[in-house]
file structure-v2.pdb (PDB, C-alpha atoms)
ATOM      1  CA  MET L   1      58.932 -32.959  31.969
ATOM      2  CA  ARG L   2      60.627 -31.747  28.775
ATOM      3  CA  ALA L   3      63.629 -30.547  30.809
ATOM      4  CA  LYS L   4      63.853 -33.925  32.581
ATOM      5  CA  VAL L   5      63.785 -35.809  29.290
ATOM      6  CA  ARG L   6      66.527 -33.609  27.849
ATOM      7  CA  ARG L   7      68.698 -34.123  30.929
ATOM      8  CA  ALA L   8      68.233 -37.873  30.638
ATOM      9  CA  ILE L   9      69.172 -37.737  26.940
ATOM     10  CA  ASP L  10      72.358 -35.799  27.758
ATOM     11  CA  GLU L  11      73.314 -38.112  30.626
ATOM     12  CA  LEU L  12      72.724 -41.319  28.661
ATOM     13  CA  GLY L  13      74.153 -40.048  25.358
ATOM     14  CA  TYR L  14      70.971 -41.204  23.651
ATOM     15  CA  ARG L  15      70.758 -40.896  19.860
ATOM     16  CA  PRO L  16      67.473 -41.489  17.979
ATOM     17  CA  HIS L  17      67.617 -44.268  15.417
ATOM     18  CA  ALA L  18      67.530 -42.625  11.995
ATOM     19  CA  GLY L  19      65.956 -45.647  10.326
ATOM     20  CA  ALA L  20      63.149 -45.795  12.863
ATOM     21  CA  ARG L  21      62.615 -42.060  12.478
ATOM     22  CA  GLY L  22      62.302 -42.550   8.718
ATOM     23  CA  LEU L  23      59.484 -45.036   9.254
ATOM     24  CA  ARG L  24      57.483 -42.155  10.739
ATOM     25  CA  GLY L  25      57.784 -40.139   7.527
ATOM     26  CA  GLN L  26      61.072 -38.196   7.334
ATOM     27  CA  THR L  27      64.761 -38.895   7.891
ATOM     28  CA  TYR L  28      65.789 -35.222   7.679
ATOM     29  CA  THR L  29      68.652 -36.178   5.381
ATOM     30  CA  ILE L  30      69.422 -34.790   1.928
ATOM     31  CA  GLY L  31      71.749 -36.357  -0.614
ATOM     32  CA  VAL L  32      73.977 -34.109  -2.715
ATOM     33  CA  MET L  33      75.811 -35.461  -5.750
ATOM     34  CA  LEU L  34      78.889 -33.564  -6.940
ATOM     35  CA  PRO L  35      80.293 -34.606 -10.335
ATOM     36  CA  ASP L  36      83.954 -33.817  -9.624
ATOM     37  CA  ILE L  37      85.229 -32.886  -6.167
ATOM     38  CA  ARG L  38      88.483 -31.608  -7.721
ATOM     39  CA  ASN L  39      86.690 -28.781  -9.532
ATOM     40  CA  PRO L  40      86.958 -25.744  -7.213
ATOM     41  CA  PHE L  41      83.575 -24.393  -8.287
ATOM     42  CA  PHE L  42      81.425 -27.193  -6.895
ATOM     43  CA  PRO L  43      82.315 -26.566  -3.222
ATOM     44  CA  GLU L  44      80.848 -23.081  -3.657
ATOM     45  CA  ILE L  45      77.499 -24.643  -4.540
ATOM     46  CA  LEU L  46      77.869 -26.949  -1.560
ATOM     47  CA  ASP L  47      78.546 -23.948   0.700
ATOM     48  CA  GLY L  48      75.255 -22.407  -0.426
ATOM     49  CA  ILE L  49      73.442 -25.673   0.279
ATOM     50  CA  THR L  50      74.858 -26.183   3.756
ATOM     51  CA  ALA L  51      74.426 -22.527   4.747
ATOM     52  CA  SER L  52      70.759 -22.655   3.764
ATOM     53  CA  LEU L  53      70.210 -25.774   5.876
ATOM     54  CA  GLU L  54      72.135 -24.504   8.905
ATOM     55  CA  ASP L  55      69.040 -23.566  10.897
ATOM     56  CA  THR L  56      67.077 -26.687   9.959
ATOM     57  CA  GLU L  57      67.149 -30.288  11.155
ATOM     58  CA  TYR L  58      68.456 -31.507   7.800
ATOM     59  CA  GLN L  59      71.864 -33.134   7.360
ATOM     60  CA  VAL L  60      73.689 -33.340   4.032
ATOM     61  CA  PHE L  61      75.292 -36.527   2.726
ATOM     62  CA  LEU L  62      77.652 -36.276  -0.255
ATOM     63  CA  GLY L  63      78.088 -38.710  -3.111
ATOM     64  CA  PRO L  64      80.654 -38.485  -5.947
ATOM     65  CA  GLY L  65      79.131 -38.666  -9.405
ATOM     66  CA  CYS L  66      82.550 -38.944 -11.075
ATOM     67  CA  ASN L  67      81.161 -37.508 -14.329
ATOM     68  CA  GLY L  68      79.705 -40.878 -15.321
ATOM     69  CA  GLU L  69      76.222 -42.324 -15.671
ATOM     70  CA  LYS L  70      77.003 -45.552 -13.772
ATOM     71  CA  ALA L  71      78.506 -43.695 -10.806
ATOM     72  CA  GLU L  72      75.560 -41.281 -10.755
ATOM     73  CA  ALA L  73      73.133 -44.199 -10.769
ATOM     74  CA  ARG L  74      74.875 -45.684  -7.708
ATOM     75  CA  VAL L  75      74.561 -42.387  -5.840
ATOM     76  CA  THR L  76      70.907 -41.842  -6.711
ATOM     77  CA  GLU L  77      69.975 -45.438  -5.913
ATOM     78  CA  ALA L  78      71.721 -45.151  -2.542
ATOM     79  CA  VAL L  79      69.725 -42.010  -1.730
ATOM     80  CA  ILE L  80      66.454 -43.726  -2.632
ATOM     81  CA  ASP L  81      67.319 -46.985  -0.817
ATOM     82  CA  ARG L  82      68.211 -45.111   2.376
ATOM     83  CA  GLY L  83      64.979 -43.166   2.413
ATOM     84  CA  MET L  84      66.532 -39.720   2.225
ATOM     85  CA  ASP L  85      64.009 -36.903   2.001
ATOM     86  CA  GLY L  86      65.457 -35.354  -1.154
ATOM     87  CA  ILE L  87      68.412 -35.129  -3.499
ATOM     88  CA  ILE L  88      70.306 -32.302  -5.216
ATOM     89  CA  LEU L  89      72.134 -33.355  -8.370
ATOM     90  CA  VAL L  90      74.883 -30.974  -9.485
ATOM     91  CA  ALA L  91      75.550 -31.004 -13.254
ATOM     92  CA  PRO L  92      74.461 -34.635 -13.771
ATOM     93  CA  VAL L  93      75.312 -36.317 -17.075
ATOM     94  CA  SER L  94      72.631 -39.002 -16.745
ATOM     95  CA  SER L  95      69.900 -39.360 -19.338
ATOM     96  CA  ARG L  96      66.653 -37.446 -19.017
ATOM     97  CA  ASP L  97      64.831 -40.758 -18.450
ATOM     98  CA  HIS L  98      67.050 -41.590 -15.474
ATOM     99  CA  LEU L  99      66.648 -38.121 -13.963
ATOM    100  CA  GLU L 100      62.880 -38.381 -14.274
ATOM    101  CA  ARG L 101      62.860 -41.814 -12.603
ATOM    102  CA  VAL L 102      64.842 -40.347  -9.718
ATOM    103  CA  GLY L 103      62.558 -37.305  -9.546
ATOM    104  CA  THR L 104      59.522 -39.557  -9.417
ATOM    105  CA  ALA L 105      60.989 -41.609  -6.554
ATOM    106  CA  VAL L 106      62.338 -38.761  -4.378
ATOM    107  CA  PRO L 107      62.050 -34.939  -4.383
ATOM    108  CA  THR L 108      64.834 -33.803  -6.712
ATOM    109  CA  VAL L 109      66.511 -30.571  -7.795
ATOM    110  CA  VAL L 110      68.972 -30.522 -10.687
ATOM    111  CA  VAL L 111      71.618 -27.781 -10.561
ATOM    112  CA  GLY L 112      73.603 -26.561 -13.545
ATOM    113  CA  ARG L 113      71.588 -28.290 -16.226
ATOM    114  CA  HIS L 114      69.026 -26.627 -18.453
ATOM    115  CA  GLY L 115      65.745 -28.002 -19.713
ATOM    116  CA  SER L 116      62.678 -28.790 -17.666
ATOM    117  CA  SER L 117      60.652 -31.737 -16.452
ATOM    118  CA  PRO L 118      57.492 -32.149 -14.384
ATOM    119  CA  ALA L 119      59.463 -34.644 -12.246
ATOM    120  CA  TYR L 120      62.125 -32.285 -10.860
ATOM    121  CA  ASP L 121      63.108 -28.633 -10.418
ATOM    122  CA  THR L 122      66.155 -26.974 -11.990
ATOM    123  CA  VAL L 123      68.523 -24.165 -11.060
ATOM    124  CA  ALA L 124      71.074 -22.917 -13.569
ATOM    125  CA  ASP L 125      73.124 -19.966 -14.706
ATOM    126  CA  ASP L 126      72.352 -18.172 -17.985
ATOM    127  CA  ASP L 127      75.354 -19.728 -19.712
ATOM    128  CA  VAL L 128      74.621 -18.155 -23.094
ATOM    129  CA  GLU L 129      74.674 -14.692 -21.529
ATOM    130  CA  GLY L 130      77.825 -15.543 -19.590
ATOM    131  CA  ALA L 131      79.657 -16.508 -22.774
ATOM    132  CA  ALA L 132      78.446 -13.280 -24.417
ATOM    133  CA  LEU L 133      79.924 -11.272 -21.538
ATOM    134  CA  ILE L 134      83.351 -12.813 -22.169
ATOM    135  CA  VAL L 135      83.281 -12.277 -25.931
ATOM    136  CA  ALA L 136      82.074  -8.680 -25.540
ATOM    137  CA  HIS L 137      84.862  -8.047 -23.023
ATOM    138  CA  PHE L 138      87.517  -9.365 -25.396
ATOM    139  CA  ALA L 139      86.057  -7.457 -28.353
ATOM    140  CA  ALA L 140      86.044  -4.208 -26.356
ATOM    141  CA  LEU L 141      89.770  -4.765 -25.734
ATOM    142  CA  GLY L 142      90.386  -5.008 -29.487
ATOM    143  CA  HIS L 143      90.603  -8.804 -29.818
ATOM    144  CA  ARG L 144      89.224 -10.519 -32.903
ATOM    145  CA  ARG L 145      90.952 -13.908 -32.905
ATOM    146  CA  ILE L 146      89.064 -15.183 -29.854
ATOM    147  CA  ALA L 147      89.146 -18.970 -29.365
ATOM    148  CA  HIS L 148      87.038 -21.109 -27.064
ATOM    149  CA  ILE L 149      87.887 -24.381 -25.292
ATOM    150  CA  GLU L 150      84.758 -26.446 -24.708
ATOM    151  CA  HIS L 151      83.950 -29.763 -23.065
ATOM    152  CA  HIS L 152      83.455 -32.390 -25.770
ATOM    153  CA  GLU L 153      79.858 -33.549 -25.973
ATOM    154  CA  THR L 154      77.965 -35.782 -28.412
ATOM    155  CA  ASP L 155      74.748 -36.824 -26.644
ATOM    156  CA  PRO L 156      71.826 -34.925 -28.273
ATOM    157  CA  THR L 157      70.021 -34.209 -24.996
ATOM    158  CA  ARG L 158      73.154 -33.049 -23.202
ATOM    159  CA  LEU L 159      74.000 -30.838 -26.191
ATOM    160  CA  THR L 160      70.839 -28.868 -25.426
ATOM    161  CA  GLU L 161      70.912 -29.025 -21.618
ATOM    162  CA  MET L 162      74.497 -29.062 -20.311
ATOM    163  CA  PRO L 163      76.194 -25.762 -19.392
ATOM    164  CA  ASN L 164      79.300 -26.523 -21.452
ATOM    165  CA  ALA L 165      77.203 -26.855 -24.606
ATOM    166  CA  ARG L 166      75.256 -23.688 -23.808
ATOM    167  CA  ARG L 167      78.494 -21.757 -23.295
ATOM    168  CA  ALA L 168      79.874 -22.960 -26.619
ATOM    169  CA  ASP L 169      76.628 -21.953 -28.340
ATOM    170  CA  GLY L 170      76.756 -18.601 -26.564
ATOM    171  CA  TYR L 171      80.338 -18.071 -27.728
ATOM    172  CA  ARG L 172      79.430 -18.745 -31.360
ATOM    173  CA  GLN L 173      76.381 -16.497 -31.231
ATOM    174  CA  ALA L 174      78.311 -13.699 -29.521
ATOM    175  CA  MET L 175      81.092 -13.881 -32.109
ATOM    176  CA  ARG L 176      78.491 -13.491 -34.838
ATOM    177  CA  ASP L 177      76.850 -10.608 -32.981
ATOM    178  CA  GLN L 178      80.230  -8.864 -32.702
ATOM    179  CA  GLY L 179      80.880  -9.291 -36.421
ATOM    180  CA  LEU L 180      83.642 -11.813 -35.732
ATOM    181  CA  GLU L 181      82.109 -14.911 -37.314
ATOM    182  CA  GLU L 182      85.148 -15.617 -39.516
ATOM    183  CA  TRP L 183      87.326 -16.005 -36.383
ATOM    184  CA  ILE L 184      85.106 -18.540 -34.590
ATOM    185  CA  ASP L 185      87.494 -21.218 -33.310
ATOM    186  CA  VAL L 186      86.387 -23.978 -30.917
ATOM    187  CA  ILE L 187      88.627 -26.683 -29.458
ATOM    188  CA  SER L 188      86.853 -29.661 -27.861
ATOM    189  CA  THR L 189      88.664 -31.282 -24.948
ATOM    190  CA  SER L 190      87.322 -31.613 -21.380
ATOM    191  CA  TYR L 191      86.454 -29.401 -18.438
ATOM    192  CA  THR L 192      89.658 -30.327 -16.604
ATOM    193  CA  GLN L 193      93.072 -28.743 -16.138
ATOM    194  CA  GLU L 194      94.499 -31.331 -18.510
ATOM    195  CA  GLY L 195      91.819 -30.469 -21.056
ATOM    196  CA  GLY L 196      92.736 -26.798 -20.884
ATOM    197  CA  TYR L 197      96.424 -27.623 -21.230
ATOM    198  CA  ARG L 198      95.886 -29.789 -24.322
ATOM    199  CA  GLY L 199      93.500 -27.286 -25.882
ATOM    200  CA  ALA L 200      95.912 -24.406 -25.393
ATOM    201  CA  GLN L 201      98.785 -26.418 -26.838
ATOM    202  CA  GLU L 202      96.754 -27.020 -29.982
ATOM    203  CA  LEU L 203      95.819 -23.348 -30.293
ATOM    204  CA  LEU L 204      99.369 -22.128 -29.679
ATOM    205  CA  ALA L 205     100.672 -24.451 -32.406
ATOM    206  CA  ARG L 206      98.572 -22.694 -35.050
ATOM    207  CA  PRO L 207     100.455 -20.653 -37.701
ATOM    208  CA  VAL L 208      98.298 -17.717 -36.614
ATOM    209  CA  ARG L 209      97.459 -18.205 -32.978
ATOM    210  CA  PRO L 210      94.528 -16.526 -31.203
ATOM    211  CA  THR L 211      95.115 -13.394 -29.158
ATOM    212  CA  ALA L 212      92.490 -14.367 -26.575
ATOM    213  CA  ILE L 213      91.200 -17.678 -25.181
ATOM    214  CA  PHE L 214      87.846 -18.165 -23.473
ATOM    215  CA  ALA L 215      88.197 -21.265 -21.299
ATOM    216  CA  GLY L 216      84.832 -22.834 -20.508
ATOM    217  CA  ALA L 217      85.634 -23.133 -16.794
ATOM    218  CA  ASP L 218      88.246 -21.753 -14.404
ATOM    219  CA  ILE L 219      89.825 -25.168 -13.998
ATOM    220  CA  VAL L 220      90.251 -25.280 -17.780
ATOM    221  CA  ALA L 221      91.857 -21.835 -17.650
ATOM    222  CA  MET L 222      94.415 -23.180 -15.155
ATOM    223  CA  GLY L 223      95.582 -25.626 -17.814
ATOM    224  CA  VAL L 224      95.677 -22.846 -20.400
ATOM    225  CA  LEU L 225      97.896 -20.734 -18.151
ATOM    226  CA  GLU L 226     100.218 -23.696 -17.678
ATOM    227  CA  ALA L 227     100.578 -24.265 -21.428
ATOM    228  CA  VAL L 228     101.139 -20.558 -22.110
ATOM    229  CA  ALA L 229     103.901 -20.369 -19.511
ATOM    230  CA  GLU L 230     105.488 -23.564 -20.850
ATOM    231  CA  ALA L 231     105.559 -22.004 -24.342
ATOM    232  CA  GLY L 232     107.518 -19.037 -22.985
ATOM    233  CA  LEU L 233     104.633 -16.628 -23.480
ATOM    234  CA  SER L 234     103.019 -14.268 -21.015
ATOM    235  CA  VAL L 235      99.469 -13.474 -19.927
ATOM    236  CA  PRO L 236      98.144 -10.962 -20.830
ATOM    237  CA  GLY L 237     101.166  -9.656 -22.758
ATOM    238  CA  ASP L 238     101.053 -12.303 -25.495
ATOM    239  CA  LEU L 239      97.632 -13.789 -24.840
ATOM    240  CA  SER L 240      94.554 -12.791 -22.871
ATOM    241  CA  VAL L 241      92.767 -15.583 -20.986
ATOM    242  CA  ALA L 242      89.335 -15.693 -19.340
ATOM    243  CA  GLY L 243      87.579 -18.456 -17.445
ATOM    244  CA  TYR L 244      84.116 -19.194 -16.095
ATOM    245  CA  ASP L 245      82.918 -19.757 -12.478
ATOM    246  CA  ASN L 246      84.916 -17.087 -10.611
ATOM    247  CA  THR L 247      86.351 -19.616  -8.194
ATOM    248  CA  MET L 248      88.547 -18.635  -5.263
ATOM    249  CA  PHE L 249      91.638 -19.412  -7.365
ATOM    250  CA  ALA L 250      90.617 -16.854  -9.978
ATOM    251  CA  ALA L 251      90.960 -14.091  -7.397
ATOM    252  CA  PHE L 252      94.367 -15.352  -6.210
ATOM    253  CA  GLY L 253      96.825 -12.514  -6.857
ATOM    254  CA  PRO L 254      99.453 -14.303  -8.983
ATOM    255  CA  ILE L 255      96.677 -15.722 -11.204
ATOM    256  CA  SER L 256      94.198 -12.806 -11.276
ATOM    257  CA  LEU L 257      91.922 -14.522 -13.781
ATOM    258  CA  THR L 258      89.109 -12.691 -15.524
ATOM    259  CA  SER L 259      86.058 -14.890 -15.072
ATOM    260  CA  VAL L 260      82.278 -15.061 -15.166
ATOM    261  CA  ASP L 261      80.682 -15.194 -11.734
ATOM    262  CA  GLN L 262      77.681 -17.509 -11.791
ATOM    263  CA  ALA L 263      77.092 -17.166  -8.046
ATOM    264  CA  GLY L 264      77.669 -20.739  -6.886
ATOM    265  CA  HIS L 265      76.417 -19.907  -3.405
ATOM    266  CA  GLU L 266      73.130 -18.634  -4.863
ATOM    267  CA  LEU L 267      72.771 -21.752  -7.014
ATOM    268  CA  GLY L 268      73.011 -23.848  -3.850
ATOM    269  CA  ARG L 269      70.673 -21.589  -1.880
ATOM    270  CA  ASN L 270      67.986 -21.705  -4.572
ATOM    271  CA  ALA L 271      68.357 -25.479  -4.879
ATOM    272  CA  VAL L 272      67.624 -25.889  -1.162
ATOM    273  CA  ARG L 273      64.637 -23.559  -1.332
ATOM    274  CA  LEU L 274      63.085 -25.506  -4.208
ATOM    275  CA  LEU L 275      63.860 -28.864  -2.633
ATOM    276  CA  LEU L 276      62.259 -28.015   0.697
ATOM    277  CA  GLU L 277      59.196 -26.715  -1.123
ATOM    278  CA  ARG L 278      58.959 -29.963  -3.085
ATOM    279  CA  ILE L 279      59.424 -32.094   0.047
ATOM    280  CA  THR L 280      56.498 -30.232   1.587
ATOM    281  CA  ASP L 281      54.351 -30.399  -1.548
ATOM    282  CA  ARG L 282      55.216 -33.269  -3.883
ATOM    283  CA  GLY L 283      52.365 -32.390  -6.204
ATOM    284  CA  ARG L 284      53.323 -28.805  -7.013
ATOM    285  CA  ARG L 285      54.378 -27.803 -10.516
ATOM    286  CA  SER L 286      58.088 -27.967 -11.246
ATOM    287  CA  ALA L 287      60.072 -24.723 -11.209
ATOM    288  CA  GLN L 288      63.037 -23.501 -13.240
ATOM    289  CA  VAL L 289      65.332 -20.802 -11.831
ATOM    290  CA  ILE L 290      67.845 -19.033 -14.109
ATOM    291  CA  LEU L 291      70.422 -16.747 -12.491
ATOM    292  CA  SER L 292      72.073 -13.833 -14.299
ATOM    293  CA  PRO L 293      75.886 -13.999 -14.462
ATOM    294  CA  THR L 294      78.314 -11.093 -14.087
ATOM    295  CA  LEU L 295      81.806 -10.550 -15.454
ATOM    296  CA  VAL L 296      84.710 -10.010 -13.073
ATOM    297  CA  ALA L 297      87.616  -8.485 -15.007
ATOM    298  CA  ARG L 298      91.129  -9.061 -13.664
ATOM    299  CA  ARG L 299      94.709  -8.884 -14.931
ATOM    300  CA  SER L 300      94.598 -11.950 -17.210
ATOM    301  CA  THR L 301      92.903  -9.890 -19.927
ATOM    302  CA  ALA L 302      94.227  -6.682 -21.477
ATOM    303  CA  ARG L 303      93.895  -4.487 -24.539
ATOM    304  CA  LEU L 304      95.399  -5.982 -27.673
ATOM    305  CA  VAL L 305      98.656  -4.353 -28.764
ATOM    306  CA  GLU L 306      99.634  -5.234 -32.355
TER
END

call {"tool": "encode", "arguments": {"input": "structure-v2.pdb", "output": "structure tokens"}}
result
Amino acid sequence: MRAKVRRAIDELGYRPHAGARGLRGQTYTIGVMLPDIRNPFFPEILDGITASLEDTEYQVFLGPGCNGEKAEARVTEAVIDRGMDGIILVAPVSSRDHLERVGTAVPTVVVGRHGSSPAYDTVADDDVEGAALIVAHFAALGHRRIAHIEHHETDPTRLTEMPNARRADGYRQAMRDQGLEEWIDVISTSYTQEGGYRGAQELLARPVRPTAIFAGADIVAMGVLEAVAEAGLSVPGDLSVAGYDNTMFAAFGPISLTSVDQAGHELGRNAVRLLLERITDRGRRSAQVILSPTLVARRSTARLVE
């Protein structure tokens, strides 16, 4: 009988109605919000999500968060209104109150944001440790004037929870730990190529410019490299540069960017694991997963020659 039904389905091209299926309890759909589809790191998280769901019935639907609270609210409301079984929010900038309302309405995992809540699970990289790896790498190469380009942030909650703020804090702490407190130098722009370009221009205009720049993300480092080349300088001959995320572009031969690998695929894989557990058991205690980063040294950093 099962074989006959399957043959009939194939012959008729029958597709079950997703809305009707949802009325029976599950739609087997998961919403994923990405803040910026132009950032090459976020597709790595998405790869981990989709790979983990490959052998399940679940389908992924993407929504652009556009790095704004209003756009994120539209995505999360759409997920809730369409009865999706769960949602993965990647680096959301929304308030804690909004995230908790979403987590109360639908099983939710927040990726790339620190802090905890009984309403949702979190998966993040140890951004403080990652920043320390960069500073220690530069210091071991003889650099003292090590600058950092951060993403500008003012919201008190995001200053404690967002990865950019944690990396900036980690940079400052690592500089103090290395005995380099007097050379702490932070430029606040944005985690974009343009932000890296503007930040590097400001640093290169200093009477005494840094010998090394820690860009808070690989995409920021791309802007730094552009500004350095435009100024007629070379990397790493005149300036060492390191990024964060270890995206596919970092490994590209002509760029060869030293970067922190925060295992985007593993972030996505852990997010799926936690989300499926929460879909199965809505009442379980929330979980927080912190992954340990590693440093991948390439040709963009070199020993200081004075």

call {"tool": "residues_around", "arguments": {"input": "structure-v2.pdb", "residues": "Thr247 of chain L", "least_positions_apart": "6", "cutoff": "10 Å", "atoms": "only C-alpha atoms", "output": "PDB file with C-alpha atoms, keeping the file's coordinate frame"}}
result
ATOM      1  CA  ASN L  39      86.690 -28.781  -9.532  1.00  0.00           C
ATOM      2  CA  PRO L  40      86.958 -25.744  -7.213  1.00  0.00           C
ATOM      3  CA  PHE L  41      83.575 -24.393  -8.287  1.00  0.00           C
ATOM      4  CA  PHE L  42      81.425 -27.193  -6.895  1.00  0.00           C
ATOM      5  CA  PRO L  43      82.315 -26.566  -3.222  1.00  0.00           C
ATOM      6  CA  GLU L  44      80.848 -23.081  -3.657  1.00  0.00           C
ATOM      7  CA  ALA L 217      85.634 -23.133 -16.794  1.00  0.00           C
ATOM      8  CA  ASP L 218      88.246 -21.753 -14.404  1.00  0.00           C
ATOM      9  CA  ILE L 219      89.825 -25.168 -13.998  1.00  0.00           C
ATOM     10  CA  LEU L 257      91.922 -14.522 -13.781  1.00  0.00           C
ATOM     11  CA  SER L 259      86.058 -14.890 -15.072  1.00  0.00           C
ATOM     12  CA  VAL L 260      82.278 -15.061 -15.166  1.00  0.00           C
ATOM     13  CA  ASP L 261      80.682 -15.194 -11.734  1.00  0.00           C
ATOM     14  CA  GLN L 262      77.681 -17.509 -11.791  1.00  0.00           C
ATOM     15  CA  ALA L 263      77.092 -17.166  -8.046  1.00  0.00           C
ATOM     16  CA  GLY L 264      77.669 -20.739  -6.886  1.00  0.00           C
TER      17      GLY L 264
END

call {"tool": "residues_around", "arguments": {"input": "structure-v2.pdb", "residues": "Tyr197 of chain L", "least_positions_apart": "3", "cutoff": "6 Å", "atoms": "only C-alpha atoms", "output": "JSON, numbers by chain"}}
result
{"L": [194, 200, 223, 224, 227]}

call {"tool": "atom_distance", "arguments": {"input": "structure-v2.pdb", "atom1": "atom CA of Pro118 of chain L", "atom2": "atom CA of Ser286 of chain L"}}
result
5.3 Å

call {"tool": "atom_distance", "arguments": {"input": "structure-v2.pdb", "atom1": "atom CA of Leu291 of chain L", "atom2": "atom CA of Glu266 of chain L"}}
result
8.3 Å

call {"tool": "resolve_selection", "arguments": {"input": "structure-v2.pdb", "expression": "the PyMOL selection byres ((chain L and resi 121-132) around 9)", "output": "compact mmCIF listing (two decimals) with C-alpha atoms, in the frame of the given file"}}
result
# COMPACT_ATOMS: atom_id res chain seq x y z
CA GLY L 103 62.56 -37.30 -9.55
CA PRO L 107 62.05 -34.94 -4.38
CA THR L 108 64.83 -33.80 -6.71
CA VAL L 109 66.51 -30.57 -7.80
CA VAL L 110 68.97 -30.52 -10.69
CA VAL L 111 71.62 -27.78 -10.56
CA GLY L 112 73.60 -26.56 -13.54
CA ARG L 113 71.59 -28.29 -16.23
CA HIS L 114 69.03 -26.63 -18.45
CA GLY L 115 65.74 -28.00 -19.71
CA SER L 116 62.68 -28.79 -17.67
CA SER L 117 60.65 -31.74 -16.45
CA PRO L 118 57.49 -32.15 -14.38
CA ALA L 119 59.46 -34.64 -12.25
CA TYR L 120 62.12 -32.28 -10.86
CA LEU L 133 79.92 -11.27 -21.54
CA ILE L 134 83.35 -12.81 -22.17
CA VAL L 135 83.28 -12.28 -25.93
CA ALA L 136 82.07 -8.68 -25.54
CA HIS L 137 84.86 -8.05 -23.02
CA PRO L 163 76.19 -25.76 -19.39
CA ASN L 164 79.30 -26.52 -21.45
CA ALA L 165 77.20 -26.86 -24.61
CA ARG L 166 75.26 -23.69 -23.81
CA ARG L 167 78.49 -21.76 -23.30
CA ALA L 168 79.87 -22.96 -26.62
CA ASP L 169 76.63 -21.95 -28.34
CA GLY L 170 76.76 -18.60 -26.56
CA TYR L 171 80.34 -18.07 -27.73
CA ARG L 172 79.43 -18.74 -31.36
CA GLN L 173 76.38 -16.50 -31.23
CA ALA L 174 78.31 -13.70 -29.52
CA MET L 175 81.09 -13.88 -32.11
CA PHE L 214 87.85 -18.16 -23.47
CA GLY L 216 84.83 -22.83 -20.51
CA TYR L 244 84.12 -19.19 -16.10
CA VAL L 260 82.28 -15.06 -15.17
CA ASP L 261 80.68 -15.19 -11.73
CA GLN L 262 77.68 -17.51 -11.79
CA ALA L 263 77.09 -17.17 -8.05
CA LEU L 267 72.77 -21.75 -7.01
CA GLY L 268 73.01 -23.85 -3.85
CA ASN L 270 67.99 -21.70 -4.57
CA ALA L 271 68.36 -25.48 -4.88
CA LEU L 274 63.08 -25.51 -4.21
CA LEU L 275 63.86 -28.86 -2.63
CA ARG L 278 58.96 -29.96 -3.08
CA ARG L 285 54.38 -27.80 -10.52
CA SER L 286 58.09 -27.97 -11.25
CA ALA L 287 60.07 -24.72 -11.21
CA GLN L 288 63.04 -23.50 -13.24
CA VAL L 289 65.33 -20.80 -11.83
CA ILE L 290 67.84 -19.03 -14.11
CA LEU L 291 70.42 -16.75 -12.49
CA SER L 292 72.07 -13.83 -14.30
CA PRO L 293 75.89 -14.00 -14.46
CA THR L 294 78.31 -11.09 -14.09
CA LEU L 295 81.81 -10.55 -15.45

call {"tool": "residues_near_point", "arguments": {"input": "structure-v2.pdb", "point": "(60.1, -32.9, 1.9)", "cutoff": "10 Å", "atoms": "all atoms listed in the file", "output": "list in words"}}
result
Gly25, Gln26, Thr27, Tyr28, Thr29, Ile30, Met84, Asp85, Gly86, Val106, Pro107, Thr108, Leu275, Leu276, Glu277, Arg278, Ile279, Thr280, Asp281 and Arg282 of chain L

call {"tool": "atom_distance", "arguments": {"input": "structure-v2.pdb", "atom1": "atom CA of Val75 of chain L", "atom2": "atom CA of Gly63 of chain L"}}
result
5.8 Å

call {"tool": "residues_around", "arguments": {"input": "structure-v2.pdb", "residues": "Glu226 of chain L", "least_positions_apart": "3", "cutoff": "12 Å", "atoms": "only C-alpha atoms", "output": "ChimeraX atom specification"}}
result
/L:193-201,219-223,229-235,241,255

call {"tool": "closest_residue", "arguments": {"input": "structure-v2.pdb", "among": "L:Pro156, L:Gly65, L:Pro236, L:Pro254", "to": "Leu141 of chain L", "atoms": "all atoms listed in the file"}}
result
L:Pro236

call {"tool": "closest_residue", "arguments": {"input": "structure-v2.pdb", "among": "L:Leu159, L:Ala139, L:Ala205, L:Leu46", "to": "Leu180 of chain L", "atoms": "all atoms listed in the file"}}
result
L:Ala139

call {"tool": "closest_residue", "arguments": {"input": "structure-v2.pdb", "among": "L:His148, L:Glu72, L:Thr154, L:Val228", "to": "Val186 of chain L", "atoms": "all atoms listed in the file"}}
result
L:His148

call {"tool": "resolve_selection", "arguments": {"input": "structure-v2.pdb", "expression": "the PyMOL selection byres ((chain L and resi 93) around 7)", "output": "ChimeraX atom specification"}}
result
/L:67-69,91-92,94-95

call {"tool": "closest_residue", "arguments": {"input": "structure-v2.pdb", "among": "L:Glu150, L:Glu54, L:Glu306, L:Glu182", "to": "Asp238 of chain L", "atoms": "all atoms listed in the file"}}
result
L:Glu306

call {"tool": "axis_aligned_box", "arguments": {"input": "structure-v2.pdb", "around": "segment 254-265 of chain L", "padding_each_side": "6 Å", "output": "JSON"}}
result
{"center_x": 87.9, "center_y": -16.7, "center_z": -9.5, "size_x": 35.0, "size_y": 20.0, "size_z": 24.1}

call {"tool": "closest_residue", "arguments": {"input": "structure-v2.pdb", "among": "L:Arg145, L:Arg2, L:Arg273, L:Arg74", "to": "Ile213 of chain L", "atoms": "only C-alpha atoms"}}
result
L:Arg145

call {"tool": "residues_around", "arguments": {"input": "structure-v2.pdb", "residues": "Thr76 of chain L", "least_positions_apart": "6", "cutoff": "9 Å", "atoms": "only C-alpha atoms", "output": "list in words"}}
result
Gly31, Met33, Gly63, Ile87, Leu89 and Val102 of chain L

call {"tool": "resolve_selection", "arguments": {"input": "structure-v2.pdb", "expression": "the PyMOL selection byres ((chain L and resi 258) around 6)", "output": "PyMOL selection string"}}
result
chain L and resi 242+257+259+296-298+300
